[in-house]
Amino acid sequence: MTVRTTHTVARFTSPFLLPGFDAPQPAGEYRVDQDEELIETASRLAWRRTGSFVHLPALGTASPIHQMVPVVPADLDAALQKDKEQE
């Protein structure tokens with residue numbers, strides 16, 4: 001089975017809270033990793049997401065502790081949309 005991880009950055013202009021987080025996170029840029037596995041069919045190739053993770057703290061923040069917290073992609077998308085509407 002072929003797997004891949006894609007890396008993106010989520011930018012928040014306001015503090016935000018996602019399910020599974022212990023506390024609200026400050027505004028900033030956060031690294032997001034998405035794990036996917038290859039699905040091969042007779043007619044095409046496709047990728048299925050198997051996990052999504054947000055790295056804490058925000059990029060550029062000095063901290064002795066770094067965490068990779070699993071998130072539901074729909075929750076992350078909703079938080080980003082809410083943040084965009086607050087601008």
# chains A, B, ... in the order shown; residues from 1 in each chain; ligands from 1

call {"tool": "select_by_dssp", "arguments": {"residues": "chain A", "states": "strand (DSSP E or B)", "output": "PyMOL selection string"}}
result
chain A and resi 3-12+16+25+28-40+45-56+67-70

call {"tool": "write_last_selection", "arguments": {"atoms": "N, CA and C atoms", "output": "compact mmCIF listing (two decimals), in the first residue's frame"}}
result
# COMPACT_ATOMS: atom_id res chain seq x y z
N VAL A 3 1.46 5.17 0.71
CA VAL A 3 0.94 6.24 1.55
C VAL A 3 1.76 7.50 1.31
N ARG A 4 1.15 8.64 1.61
CA ARG A 4 1.87 9.90 1.51
C ARG A 4 1.37 10.85 2.59
N THR A 5 2.19 11.82 2.91
CA THR A 5 1.82 12.88 3.84
C THR A 5 2.00 14.20 3.12
N THR A 6 0.95 15.01 3.11
CA THR A 6 1.05 16.35 2.54
C THR A 6 1.09 17.36 3.68
N HIS A 7 1.86 18.42 3.48
CA HIS A 7 2.05 19.45 4.50
C HIS A 7 1.48 20.76 3.98
N THR A 8 0.66 21.40 4.79
CA THR A 8 0.12 22.71 4.47
C THR A 8 0.24 23.59 5.71
N VAL A 9 -0.13 24.85 5.56
CA VAL A 9 -0.12 25.78 6.68
C VAL A 9 -1.51 26.40 6.79
N ALA A 10 -2.08 26.35 7.99
CA ALA A 10 -3.37 26.99 8.28
C ALA A 10 -3.07 28.31 8.99
N ARG A 11 -3.65 29.39 8.48
CA ARG A 11 -3.42 30.72 9.05
C ARG A 11 -4.68 31.22 9.75
N PHE A 12 -4.53 31.51 11.03
CA PHE A 12 -5.63 32.05 11.83
C PHE A 12 -5.29 33.47 12.25
N PHE A 16 -8.46 30.44 18.26
CA PHE A 16 -9.40 29.42 17.82
C PHE A 16 -9.32 28.20 18.74
N GLN A 25 -6.14 28.26 21.03
CA GLN A 25 -4.81 28.54 20.51
C GLN A 25 -4.76 29.97 19.99
N GLY A 28 -2.18 32.73 14.50
CA GLY A 28 -0.86 32.42 13.96
C GLY A 28 -0.96 31.43 12.83
N GLU A 29 0.19 30.95 12.40
CA GLU A 29 0.27 29.96 11.33
C GLU A 29 0.62 28.61 11.95
N TYR A 30 -0.15 27.61 11.55
CA TYR A 30 -0.01 26.27 12.11
C TYR A 30 0.25 25.26 11.00
N ARG A 31 1.24 24.41 11.21
CA ARG A 31 1.52 23.35 10.24
C ARG A 31 0.44 22.28 10.36
N VAL A 32 -0.06 21.82 9.21
CA VAL A 32 -1.08 20.77 9.16
C VAL A 32 -0.54 19.65 8.27
N ASP A 33 -0.56 18.43 8.77
CA ASP A 33 -0.16 17.25 8.00
C ASP A 33 -1.39 16.41 7.73
N GLN A 34 -1.48 15.91 6.49
CA GLN A 34 -2.58 15.02 6.14
C GLN A 34 -2.00 13.73 5.57
N ASP A 35 -2.32 12.63 6.21
CA ASP A 35 -1.88 11.31 5.75
C ASP A 35 -2.94 10.75 4.81
N GLU A 36 -2.48 10.19 3.70
CA GLU A 36 -3.40 9.63 2.70
C GLU A 36 -2.84 8.30 2.21
N GLU A 37 -3.76 7.42 1.78
CA GLU A 37 -3.34 6.16 1.18
C GLU A 37 -3.89 6.08 -0.24
N LEU A 38 -3.13 5.43 -1.10
CA LEU A 38 -3.50 5.31 -2.50
C LEU A 38 -4.57 4.26 -2.67
N ILE A 39 -5.60 4.61 -3.44
CA ILE A 39 -6.65 3.67 -3.81
C ILE A 39 -6.53 3.46 -5.31
N GLU A 40 -6.26 2.23 -5.69
CA GLU A 40 -6.12 1.93 -7.12
C GLU A 40 -7.37 1.21 -7.61
N LEU A 45 -6.58 6.49 -10.33
CA LEU A 45 -5.94 6.48 -9.03
C LEU A 45 -6.58 7.56 -8.17
N ALA A 46 -6.71 7.31 -6.90
CA ALA A 46 -7.29 8.29 -5.98
C ALA A 46 -6.59 8.15 -4.63
N TRP A 47 -6.65 9.20 -3.86
CA TRP A 47 -6.07 9.20 -2.51
C TRP A 47 -7.19 9.36 -1.49
N ARG A 48 -7.11 8.56 -0.43
CA ARG A 48 -8.09 8.64 0.66
C ARG A 48 -7.38 9.12 1.91
N ARG A 49 -7.93 10.16 2.53
CA ARG A 49 -7.34 10.71 3.75
C ARG A 49 -7.52 9.72 4.89
N THR A 50 -6.45 9.46 5.60
CA THR A 50 -6.52 8.54 6.74
C THR A 50 -6.27 9.24 8.07
N GLY A 51 -5.75 10.47 8.03
CA GLY A 51 -5.52 11.21 9.26
C GLY A 51 -5.10 12.63 8.99
N SER A 52 -5.46 13.52 9.89
CA SER A 52 -5.06 14.93 9.80
C SER A 52 -4.56 15.36 11.17
N PHE A 53 -3.49 16.16 11.17
CA PHE A 53 -2.85 16.55 12.41
C PHE A 53 -2.44 18.02 12.35
N VAL A 54 -2.62 18.73 13.45
CA VAL A 54 -2.16 20.11 13.59
C VAL A 54 -0.99 20.09 14.55
N HIS A 55 0.07 20.80 14.17
CA HIS A 55 1.25 20.90 15.03
C HIS A 55 1.10 22.12 15.93
N LEU A 56 1.31 21.91 17.21
CA LEU A 56 1.27 22.98 18.20
C LEU A 56 2.65 23.10 18.83
N GLN A 67 3.59 19.47 20.01
CA GLN A 67 2.59 18.41 19.94
C GLN A 67 2.07 18.30 18.52
N MET A 68 1.65 17.11 18.16
CA MET A 68 0.96 16.88 16.91
C MET A 68 -0.40 16.32 17.30
N VAL A 69 -1.45 17.14 17.13
CA VAL A 69 -2.78 16.82 17.64
C VAL A 69 -3.67 16.37 16.48
N PRO A 70 -4.29 15.18 16.60
CA PRO A 70 -5.21 14.75 15.53
C PRO A 70 -6.44 15.65 15.49

call {"tool": "residues_around", "arguments": {"residues": "region 74-84 of chain A", "least_positions_apart": "3", "cutoff": "7 Å", "atoms": "only C-alpha atoms", "output": "ChimeraX atom specification"}}
result
/A:12-14,16,18,71,87

call {"tool": "write_last_selection", "arguments": {"atoms": "C-alpha atoms", "output": "JSON list (two decimals), in the first residue's frame"}}
result
[["chain", "number", "residue", "atom", "x", "y", "z"],
["A", 12, "PHE", "CA", -5.63, 32.05, 11.83],
["A", 13, "THR", "CA", -6.04, 35.79, 12.46],
["A", 14, "SER", "CA", -7.94, 35.21, 15.73],
["A", 16, "PHE", "CA", -9.40, 29.42, 17.82],
["A", 18, "LEU", "CA", -10.89, 22.79, 17.92],
["A", 71, "VAL", "CA", -8.10, 16.77, 14.09],
["A", 87, "GLU", "CA", -11.82, 39.52, 9.49]]

call {"tool": "atom_distance", "arguments": {"atom1": "CA of Ile65 (chain A)", "atom2": "CA of Ala27 (chain A)"}}
result
18.0 Å

call {"tool": "select_by_dssp", "arguments": {"residues": "chain A", "states": "helix (DSSP H, G or I)", "output": "JSON, numbers by chain"}}
result
{"A": [73, 74, 75, 76, 77, 78, 79, 80, 81, 82, 83, 84, 85, 86]}
